[in-house]
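Q: Input file: work07.csv. Contents: CSV, C-alpha atoms.
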```csv
chain,number,residue,atom,x,y,z
A,28,MET,CA,25.9,-2.4,-5.6
A,29,ARG,CA,25.0,1.2,-5.5
A,30,LYS,CA,21.4,0.5,-6.6
A,31,THR,CA,21.1,-2.2,-3.9
A,32,PHE,CA,22.3,0.3,-1.3
A,33,LEU,CA,19.9,3.0,-2.5
A,34,SER,CA,17.1,0.5,-2.5
A,35,LEU,CA,17.9,-0.6,1.1
A,36,LEU,CA,18.2,3.0,2.2
A,37,PHE,CA,14.7,3.8,0.6
A,38,CYS,CA,13.2,0.7,2.4
A,39,ALA,CA,14.7,1.8,5.7
A,40,ALA,CA,13.3,5.3,5.3
A,41,ALA,CA,9.9,3.9,4.6
A,42,LEU,CA,10.1,1.8,7.8
A,43,VAL,CA,11.1,4.8,9.9
A,44,SER,CA,8.2,6.9,8.9
A,45,PRO,CA,5.5,4.5,10.2
A,46,ALA,CA,7.5,4.0,13.4
A,47,GLN,CA,7.6,7.8,14.0
A,48,ALA,CA,3.9,8.0,13.4
A,49,GLN,CA,3.3,5.4,16.0
A,50,THR,CA,5.2,7.4,18.7
A,51,GLU,CA,3.1,10.5,17.8
A,52,THR,CA,0.0,10.6,20.1
A,53,THR,CA,-3.5,11.0,18.5
A,54,ALA,CA,-3.8,14.5,20.1
A,55,GLN,CA,-0.4,15.5,18.6
A,56,ARG,CA,-1.5,14.2,15.2
A,57,ALA,CA,-4.8,16.2,15.4
A,58,GLU,CA,-2.7,19.3,16.2
A,59,LYS,CA,-0.5,18.7,13.2
A,60,ILE,CA,-3.6,18.2,10.9
A,61,PHE,CA,-5.3,21.3,12.4
A,62,GLY,CA,-2.1,23.2,11.7
A,63,PHE,CA,-2.5,22.3,8.0
A,64,VAL,CA,-6.0,23.7,8.2
A,65,LEU,CA,-4.8,26.9,9.8
A,66,GLN,CA,-2.1,27.3,7.1
A,67,ASN,CA,-4.3,26.2,4.3
A,68,GLN,CA,-1.9,23.5,3.4
A,69,THR,CA,-4.3,21.5,1.2
A,70,ASP,CA,-1.6,19.2,-0.2
A,71,SER,CA,-0.6,18.1,3.2
A,72,LEU,CA,-4.2,17.5,4.3
A,73,TYR,CA,-4.9,15.5,1.2
A,74,LYS,CA,-1.8,13.4,1.7
A,75,TYR,CA,-3.2,12.2,5.1
A,76,LEU,CA,-6.7,11.4,3.8
A,77,THR,CA,-7.7,7.7,3.6
A,78,ARG,CA,-7.9,6.3,0.1
A,79,GLN,CA,-11.7,6.0,0.4
A,80,MET,CA,-11.9,9.7,1.2
A,81,ARG,CA,-9.7,10.7,-1.7
A,82,VAL,CA,-12.3,9.1,-4.0
A,83,VAL,CA,-15.1,11.2,-2.4
A,84,ILE,CA,-13.4,14.5,-1.9
A,85,SER,CA,-11.0,16.5,-4.1
A,86,LYS,CA,-8.1,18.8,-3.1
A,87,ASP,CA,-10.2,21.7,-4.3
A,88,GLN,CA,-13.0,20.9,-1.9
A,89,MET,CA,-10.4,20.9,1.0
A,90,GLU,CA,-9.2,24.4,0.0
A,91,GLY,CA,-9.9,27.2,2.5
A,92,ILE,CA,-11.6,25.2,5.3
A,93,LEU,CA,-10.6,28.0,7.8
A,94,LYS,CA,-11.5,30.8,5.4
A,95,LYS,CA,-15.0,29.4,5.0
A,96,ALA,CA,-15.5,29.4,8.7
A,97,GLU,CA,-14.0,32.9,9.1
A,98,GLU,CA,-16.5,34.2,6.6
A,99,LYS,CA,-19.3,33.3,9.0
A,100,VAL,CA,-17.8,33.8,12.5
A,101,GLY,CA,-14.9,36.2,12.1
A,102,LYS,CA,-11.2,35.7,12.4
A,103,TYR,CA,-9.8,32.6,14.1
A,104,LYS,CA,-8.2,33.4,17.5
A,105,SER,CA,-7.2,30.2,19.2
A,106,HIS,CA,-8.2,26.7,20.1
A,107,GLY,CA,-8.1,24.6,23.3
A,108,GLU,CA,-6.6,21.2,24.0
A,109,TRP,CA,-7.6,18.2,22.0
A,110,SER,CA,-10.0,15.6,23.5
A,111,VAL,CA,-9.7,12.1,22.0
A,112,GLN,CA,-12.4,9.5,21.9
A,113,GLU,CA,-12.1,6.0,20.3
A,114,MET,CA,-14.9,4.0,18.8
A,115,SER,CA,-14.5,0.9,16.7
A,116,GLY,CA,-10.8,1.7,16.2
A,117,SER,CA,-11.5,5.2,14.7
A,118,LYS,CA,-10.4,8.2,16.8
A,119,THR,CA,-12.4,11.4,17.0
A,120,CYS,CA,-10.4,14.5,18.1
A,121,THR,CA,-12.3,17.6,19.2
A,122,ALA,CA,-11.2,21.0,20.5
A,123,LYS,CA,-13.0,24.3,21.0
A,124,ALA,CA,-11.9,26.9,18.5
A,125,GLN,CA,-12.4,30.6,19.4
A,126,PHE,CA,-13.3,33.0,16.6
A,127,GLU,CA,-14.1,36.8,16.8
A,128,LYS,CA,-17.9,36.3,16.9
A,129,GLU,CA,-18.4,32.8,18.1
A,130,GLU,CA,-16.9,29.5,19.3
A,131,LEU,CA,-16.9,26.5,17.0
A,132,GLY,CA,-15.9,22.9,17.5
A,133,ALA,CA,-12.8,21.7,15.6
A,134,LEU,CA,-13.2,18.1,14.6
A,135,VAL,CA,-10.6,15.7,13.2
A,136,VAL,CA,-11.5,12.0,12.7
A,137,PHE,CA,-8.8,9.3,12.1
A,138,ASP,CA,-9.3,5.7,10.9
A,139,PRO,CA,-7.6,2.9,12.8
A,140,SER,CA,-4.4,3.3,10.8
A,141,GLY,CA,-4.1,7.1,11.5
A,142,PHE,CA,-5.4,8.5,8.2
A,143,ILE,CA,-8.0,11.3,8.1
A,144,LEU,CA,-11.6,10.4,7.7
A,145,GLY,CA,-12.8,14.0,8.2
A,146,VAL,CA,-11.7,17.4,9.3
A,147,GLN,CA,-14.1,20.3,9.8
A,148,PHE,CA,-15.6,23.0,12.0
A,149,VAL,CA,-18.9,22.2,13.6
A,150,PRO,CA,-21.2,24.0,16.1
A,151,VAL,CA,-19.6,23.8,19.5
A,152,GLU,CA,-22.6,21.9,20.8
A,153,ALA,CA,-21.8,19.1,18.4
A,154,ILE,CA,-18.6,18.2,20.2
A,155,GLY,CA,-20.1,17.9,23.6
A,156,LYS,CA,-18.7,19.1,26.9
A,157,GLN,CA,-14.9,19.4,27.3
```
Would you mind writing the file out in structure tokens?
A:
Amino acid sequence: MRKTFLSLLFCAAALVSPAQAQTETTAQRAEKIFGFVLQNQTDSLYKYLTRQMRVVISKDQMEGILKKAEEKVGKYKSHGEWSVQEMSGSKTCTAKAQFEKEELGALVVFDPSGFILGVQFVPVEAIGKQ
């Protein structure tokens, strides 16, 4: 009986997580993912990658995304609001990120199920006008 109850509890918890993710807006999800970048939380970033991307990229390659940008353009200062565009079910989230020496574009791309296809800093011109 106890095993059955624990199994049901586990199943219920598994169902709650996707439901919570559905109430989270794409911009909120981008902010969460960008927070992982800012805090260098590679394990958390990797957890949200699509299975296809996990084959292509390793955790080590995701290490220090912010640090690599800061080596070129100075310390990170802030970023603006997220702009979301949808194409073929995938959602591209962009924001302008201010660094000491230059402004860059922050880019987070989600697949239709909400997993990360990509996260990176790009030239601000690449994200278009916001």
Q: Got a sec: who's within 8 Å of segment 128-143 of chain A, counting only C-alpha atoms, leaving out chain neighbours fewer than 4 positions off, as an NGL selection string?
A: :A and (57 or 60-61 or 75-77 or 100-101 or 116-124 or 147-154)
Q: Which polymer residues have any atom within 10 Å of an atom of Lys86 of chain A, counting only C-alpha atoms, with same-chain residues fewer than 6 positions away left out, as a list in words?
A: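 My list of contacting residues is Thr69, Asp70, Ser71, Leu72, Tyr73 and Lys74 of chain A.
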Q: Show which residues sit within 10 Å of Lys102 of chain A, as a ChimeraX atom specification. Count only C-alpha atoms, and ignore same-chain residues fewer than 6 positions away.
A: /A:93-94,96,125-129
Q: Rounded to one decimal in Å, what is the spacing between atom CA of Glu98 of chain A and atom CA of Leu65 of chain A?
A: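 According to the coordinates, atom CA of Glu98 of chain A and atom CA of Leu65 of chain A are separated by 14.2 Å.
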Q: When you draw a straight line from atom CA of Val111 of chain A to atom CA of Thr52 of chain A, how long is it in Å?
A: 10.0 Å
Q: What is the atom CA of Phe63 of chain A to atom CA of Met114 of chain A distance in Å?
A: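 Pair atom CA of Phe63 of chain A / atom CA of Met114 of chain A returns 24.6 Å.
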Q: Just save segment 102-133 of chain A with N, CA and C atoms, as a PDB file, in the first residue's frame.
A:
```pdb
ATOM      1  N   LYS A 102      32.373  43.965 -17.799  1.00  0.00           N
ATOM      2  CA  LYS A 102      31.411  43.382 -16.859  1.00  0.00           C
ATOM      3  C   LYS A 102      29.965  43.628 -17.282  1.00  0.00           C
ATOM      4  N   TYR A 103      29.150  42.614 -17.039  1.00  0.00           N
ATOM      5  CA  TYR A 103      27.710  42.707 -17.290  1.00  0.00           C
ATOM      6  C   TYR A 103      27.111  43.721 -16.316  1.00  0.00           C
ATOM      7  N   LYS A 104      26.206  44.564 -16.813  1.00  0.00           N
ATOM      8  CA  LYS A 104      25.526  45.547 -15.964  1.00  0.00           C
ATOM      9  C   LYS A 104      24.041  45.238 -15.792  1.00  0.00           C
ATOM     10  N   SER A 105      23.330  45.078 -16.919  1.00  0.00           N
ATOM     11  CA  SER A 105      21.875  44.863 -16.847  1.00  0.00           C
ATOM     12  C   SER A 105      21.363  44.404 -18.207  1.00  0.00           C
ATOM     13  N   HIS A 106      20.072  44.079 -18.234  1.00  0.00           N
ATOM     14  CA  HIS A 106      19.430  43.757 -19.513  1.00  0.00           C
ATOM     15  C   HIS A 106      18.002  44.283 -19.502  1.00  0.00           C
ATOM     16  N   GLY A 107      17.472  44.467 -20.699  1.00  0.00           N
ATOM     17  CA  GLY A 107      16.122  44.991 -20.849  1.00  0.00           C
ATOM     18  C   GLY A 107      15.074  43.896 -20.826  1.00  0.00           C
ATOM     19  N   GLU A 108      13.865  44.280 -21.187  1.00  0.00           N
ATOM     20  CA  GLU A 108      12.750  43.328 -21.232  1.00  0.00           C
ATOM     21  C   GLU A 108      12.917  42.376 -22.404  1.00  0.00           C
ATOM     22  N   TRP A 109      12.327  41.213 -22.254  1.00  0.00           N
ATOM     23  CA  TRP A 109      12.404  40.181 -23.287  1.00  0.00           C
ATOM     24  C   TRP A 109      11.348  40.418 -24.353  1.00  0.00           C
ATOM     25  N   SER A 110      11.769  40.296 -25.582  1.00  0.00           N
ATOM     26  CA  SER A 110      10.872  40.328 -26.733  1.00  0.00           C
ATOM     27  C   SER A 110      10.751  38.893 -27.230  1.00  0.00           C
ATOM     28  N   VAL A 111       9.542  38.452 -27.523  1.00  0.00           N
ATOM     29  CA  VAL A 111       9.312  37.067 -27.937  1.00  0.00           C
ATOM     30  C   VAL A 111       8.732  37.035 -29.344  1.00  0.00           C
ATOM     31  N   GLN A 112       9.349  36.228 -30.184  1.00  0.00           N
ATOM     32  CA  GLN A 112       8.839  36.009 -31.533  1.00  0.00           C
ATOM     33  C   GLN A 112       8.685  34.514 -31.743  1.00  0.00           C
ATOM     34  N   GLU A 113       7.586  34.128 -32.402  1.00  0.00           N
ATOM     35  CA  GLU A 113       7.327  32.710 -32.649  1.00  0.00           C
ATOM     36  C   GLU A 113       7.394  32.420 -34.136  1.00  0.00           C
ATOM     37  N   MET A 114       8.070  31.313 -34.457  1.00  0.00           N
ATOM     38  CA  MET A 114       8.138  30.872 -35.846  1.00  0.00           C
ATOM     39  C   MET A 114       8.149  29.353 -35.868  1.00  0.00           C
ATOM     40  N   SER A 115       7.204  28.769 -36.549  1.00  0.00           N
ATOM     41  CA  SER A 115       7.091  27.312 -36.672  1.00  0.00           C
ATOM     42  C   SER A 115       7.065  26.614 -35.313  1.00  0.00           C
ATOM     43  N   GLY A 116       6.441  27.241 -34.333  1.00  0.00           N
ATOM     44  CA  GLY A 116       6.322  26.647 -33.006  1.00  0.00           C
ATOM     45  C   GLY A 116       7.470  26.966 -32.073  1.00  0.00           C
ATOM     46  N   SER A 117       8.642  27.264 -32.613  1.00  0.00           N
ATOM     47  CA  SER A 117       9.780  27.648 -31.777  1.00  0.00           C
ATOM     48  C   SER A 117       9.633  29.113 -31.386  1.00  0.00           C
ATOM     49  N   LYS A 118      10.161  29.465 -30.224  1.00  0.00           N
ATOM     50  CA  LYS A 118      10.063  30.845 -29.741  1.00  0.00           C
ATOM     51  C   LYS A 118      11.460  31.398 -29.502  1.00  0.00           C
ATOM     52  N   THR A 119      11.704  32.557 -30.089  1.00  0.00           N
ATOM     53  CA  THR A 119      12.978  33.242 -29.940  1.00  0.00           C
ATOM     54  C   THR A 119      12.785  34.427 -29.005  1.00  0.00           C
ATOM     55  N   CYS A 120      13.557  34.463 -27.944  1.00  0.00           N
ATOM     56  CA  CYS A 120      13.481  35.533 -26.964  1.00  0.00           C
ATOM     57  C   CYS A 120      14.766  36.355 -27.034  1.00  0.00           C
ATOM     58  N   THR A 121      14.610  37.670 -27.134  1.00  0.00           N
ATOM     59  CA  THR A 121      15.771  38.544 -27.218  1.00  0.00           C
ATOM     60  C   THR A 121      15.633  39.700 -26.236  1.00  0.00           C
ATOM     61  N   ALA A 122      16.774  40.158 -25.761  1.00  0.00           N
ATOM     62  CA  ALA A 122      16.832  41.330 -24.891  1.00  0.00           C
ATOM     63  C   ALA A 122      18.179  41.999 -25.103  1.00  0.00           C
ATOM     64  N   LYS A 123      18.218  43.288 -24.921  1.00  0.00           N
ATOM     65  CA  LYS A 123      19.488  44.003 -24.996  1.00  0.00           C
ATOM     66  C   LYS A 123      20.174  43.896 -23.647  1.00  0.00           C
ATOM     67  N   ALA A 124      21.443  43.498 -23.677  1.00  0.00           N
ATOM     68  CA  ALA A 124      22.232  43.338 -22.454  1.00  0.00           C
ATOM     69  C   ALA A 124      23.348  44.379 -22.452  1.00  0.00           C
ATOM     70  N   GLN A 125      23.402  45.153 -21.394  1.00  0.00           N
ATOM     71  CA  GLN A 125      24.396  46.219 -21.284  1.00  0.00           C
ATOM     72  C   GLN A 125      25.621  45.720 -20.528  1.00  0.00           C
ATOM     73  N   PHE A 126      26.775  45.911 -21.143  1.00  0.00           N
ATOM     74  CA  PHE A 126      28.057  45.599 -20.526  1.00  0.00           C
ATOM     75  C   PHE A 126      28.843  46.900 -20.392  1.00  0.00           C
ATOM     76  N   GLU A 127      29.972  46.870 -19.713  1.00  0.00           N
ATOM     77  CA  GLU A 127      30.771  48.082 -19.498  1.00  0.00           C
ATOM     78  C   GLU A 127      31.169  48.769 -20.808  1.00  0.00           C
ATOM     79  N   LYS A 128      31.617  48.002 -21.775  1.00  0.00           N
ATOM     80  CA  LYS A 128      32.158  48.581 -23.002  1.00  0.00           C
ATOM     81  C   LYS A 128      31.180  48.605 -24.171  1.00  0.00           C
ATOM     82  N   GLU A 129      30.154  47.790 -24.117  1.00  0.00           N
ATOM     83  CA  GLU A 129      29.320  47.604 -25.307  1.00  0.00           C
ATOM     84  C   GLU A 129      27.998  46.950 -24.929  1.00  0.00           C
ATOM     85  N   GLU A 130      27.022  47.095 -25.821  1.00  0.00           N
ATOM     86  CA  GLU A 130      25.731  46.434 -25.659  1.00  0.00           C
ATOM     87  C   GLU A 130      25.715  45.195 -26.552  1.00  0.00           C
ATOM     88  N   LEU A 131      25.219  44.082 -26.017  1.00  0.00           N
ATOM     89  CA  LEU A 131      25.074  42.847 -26.780  1.00  0.00           C
ATOM     90  C   LEU A 131      23.614  42.424 -26.769  1.00  0.00           C
ATOM     91  N   GLY A 132      23.266  41.524 -27.664  1.00  0.00           N
ATOM     92  CA  GLY A 132      21.942  40.929 -27.652  1.00  0.00           C
ATOM     93  C   GLY A 132      21.989  39.617 -26.889  1.00  0.00           C
ATOM     94  N   ALA A 133      21.049  39.433 -25.984  1.00  0.00           N
ATOM     95  CA  ALA A 133      20.901  38.155 -25.285  1.00  0.00           C
ATOM     96  C   ALA A 133      19.843  37.372 -26.052  1.00  0.00           C
TER      97      ALA A 133
END
```
